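Below is one structure, written out as structure tokens; the observations come after it.
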Amino acid sequence: MSMSEEELRKLKPDKVVDARGTSCPGPLLAAKRAISEVPVGGILEVLSSDPGTKRDLPLWARKVGHEFLGVIEEPGYWRIFVKRGK
Amino acid sequence: MTDKMCITLMSGSIDRLTGMAVLVSAAVSMDMEVEIFLQLWGVYAFKKDVMKKNMNLSEFKEMGEKVAARLKELNLPMWYDLLKQARELGKVKIHACSLASRIWGVKLEDLEMVDDIIGAGEWVDKMSKAKINLFI
């Protein structure tokens, strides 16, 4: 279950990685690198301007054992929130 | 057990090498292991004296320059840099086909990023155990 936009906006991520300006698979690689710098149970926010990322990251999170919290669409980019699971 | 993706790489043109490197990066991000088997043009493209000088851009020859320019605008690294990143981030093994190596007269030390030279039988055995198999 992903969170509402209102709930997402209140989150305080432990780390924000700005992958705007890179193309697929750049944001996915950035997420993979950055999640290890977040404590277990902590929140990673990924900024991406690649339209594939908002669907890549939920699948990635499920596959590797993290929790996808949701996505906020901003003009020209997306903010994607993932909670580190392990 | 970790899922594995096996890629048989026959091609040596930059468009296909780029597509291959993107998939390898994605697979590594998804915590999959990747093994790549280089055949004829694949081995040629991984030769140390060819890798960065390869000007064979595209299947649609007249579109090659355009594609290269767009990739640059989109800030996508060159295929070999993407592959290097993927190797730093996860498990990516690269094997060269023994026949192709003999065709080009190359040894392991003539090839960039290649871990070993193996035969087709061993590769088929590896493919039979992989979750995803691609021929590029």
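Note on naming: chains are A, B, ... as they come in the structure tokens, residues start from 1 per chain, ligands start from 1 in the order shown.
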>> Which residues are close to Met127 in chain B, i.e. within 8 Å by only C-alpha atoms, leaving aside same-chain residues fewer than 4 positions away? Reply as a ChimeraX atom specification.
In response: /B:6,123,133
Please, could you write that set of residues out with N, CA and C atoms as a compact mmCIF listing (two decimals), in the first residue's frame?
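Result saved to again_21.txt:
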# COMPACT_ATOMS: atom_id res chain seq x y z
N CYS B 6 21.78 -14.50 -18.26
CA CYS B 6 22.87 -14.83 -19.17
C CYS B 6 22.64 -14.12 -20.51
N TRP B 123 29.22 -22.81 -21.69
CA TRP B 123 28.25 -21.71 -21.74
C TRP B 123 26.82 -22.23 -21.77
N ASN B 133 17.66 -15.64 -20.31
CA ASN B 133 18.68 -15.83 -21.33
C ASN B 133 18.42 -14.91 -22.51
>> List the spatial neighbours of range 67-82 of chain B as a list in words - criterion: any atom at most 9 Å away, only C-alpha atoms, same-chain residues fewer than 4 positions off excluded.
In response: Gly21, Thr22, Ser23, Cys24, Pro25 and Gly26 of chain A; Ile14, Asp15, Leu17, Thr18, Gly19, Met20, Ala21, Val22, Val24, Ser25, Phe46, Met51, Lys52, Leu57, Ser58, Met63, Ala86 and Arg87 of chain B
> Could you write out as a PyMOL selection string the residues of chain A within 6 Å of chain B, counting only C-alpha atoms?
Replying inline: chain A and resi 22+29+32+60
With C-alpha atoms retained, write the just-selected residues as a PDB file, in the first residue's frame.
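File produced: result_33.pdb:
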ATOM      1  CA  THR A  22      20.576  10.968 -15.946  1.00  0.00           C
ATOM      2  CA  LEU A  29      21.735   2.599 -10.263  1.00  0.00           C
ATOM      3  CA  LYS A  32      20.875   0.909  -5.566  1.00  0.00           C
ATOM      4  CA  TRP A  60      13.227  -2.932  -7.604  1.00  0.00           C
TER       5      TRP A  60
END
> Could you write out, as a list in words, all the residues of range 7-83 of chain A that DSSP marks as helix (DSSP H, G or I)?
Replying inline: Glu7, Leu8, Arg9, Lys10, Gly26, Pro27, Leu28, Leu29, Ala30, Ala31, Lys32, Arg33, Ala34, Ile35, Thr53, Lys54, Arg55, Asp56, Leu57, Pro58, Leu59, Trp60, Ala61, Arg62, Lys63 and Val64 of chain A
>> I want to know what sits within 12 Å of Val16 in chain A, based on only C-alpha atoms, with residues of the same chain fewer than 5 positions away left out; could you give that as a list in words?
In response: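 Residues near the query, excluding close chain neighbours: Leu11, Pro27, Ala30, Ala31, Arg33, Ala34, Ile35, Glu37, Val38, Gly42, Ile43, Leu44, Glu45, Val46, Leu47, Ser48, Arg79, Ile80, Phe81 and Val82 of chain A.
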> Hey, can you check how far CA of Ile72 in chain A sits from CA of Arg9 in chain A?
Replying inline: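 Separation of CA of Ile72 in chain A and CA of Arg9 in chain A: 8.2 Å.
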> Within 9 Å of Val114 in chain B, counting only C-alpha atoms, which residues qualify if same-chain residues fewer than 6 places away don't, as a ChimeraX atom specification?
Replying inline: /B:46,93-96,108
Mind dumping the selected residues with N, CA and C atoms as an mmCIF file, in the first residue's frame?
data_model
loop_
_atom_site.group_PDB
_atom_site.id
_atom_site.type_symbol
_atom_site.label_atom_id
_atom_site.label_comp_id
_atom_site.auth_asym_id
_atom_site.auth_seq_id
_atom_site.Cartn_x
_atom_site.Cartn_y
_atom_site.Cartn_z
ATOM 1 N N PHE B 46 35.408 -6.113 -27.584
ATOM 2 C CA PHE B 46 36.060 -6.065 -26.270
ATOM 3 C C PHE B 46 37.584 -6.092 -26.375
ATOM 4 N N LYS B 93 30.125 -11.370 -14.744
ATOM 5 C CA LYS B 93 31.264 -12.106 -15.284
ATOM 6 C C LYS B 93 31.202 -12.065 -16.799
ATOM 7 N N ILE B 94 32.359 -11.879 -17.422
ATOM 8 C CA ILE B 94 32.398 -11.833 -18.882
ATOM 9 C C ILE B 94 33.336 -12.928 -19.400
ATOM 10 N N HIS B 95 32.778 -13.758 -20.265
ATOM 11 C CA HIS B 95 33.546 -14.851 -20.858
ATOM 12 C C HIS B 95 33.693 -14.618 -22.352
ATOM 13 N N ALA B 96 34.837 -14.956 -22.900
ATOM 14 C CA ALA B 96 35.009 -14.896 -24.352
ATOM 15 C C ALA B 96 34.938 -16.308 -24.914
ATOM 16 N N LEU B 108 43.615 -13.688 -23.404
ATOM 17 C CA LEU B 108 42.853 -12.996 -22.364
ATOM 18 C C LEU B 108 43.385 -11.578 -22.129
#
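Across the model, the gap from CA of Ser101 in chain B to CA of Ile118 in chain B is 9.6 Å.
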> Using only C-alpha atoms, which of B:Ile7, B:Ala130, B:Ile117, B:Val34 sits nearest Arg102 in chain B?
Replying inline: B:Ile117
> Taking only C-alpha atoms into account, which of A:Gly65, A:Val71, A:Tyr77, A:Ser36 comes nearest Pro51 in chain A?
Replying inline: A:Tyr77
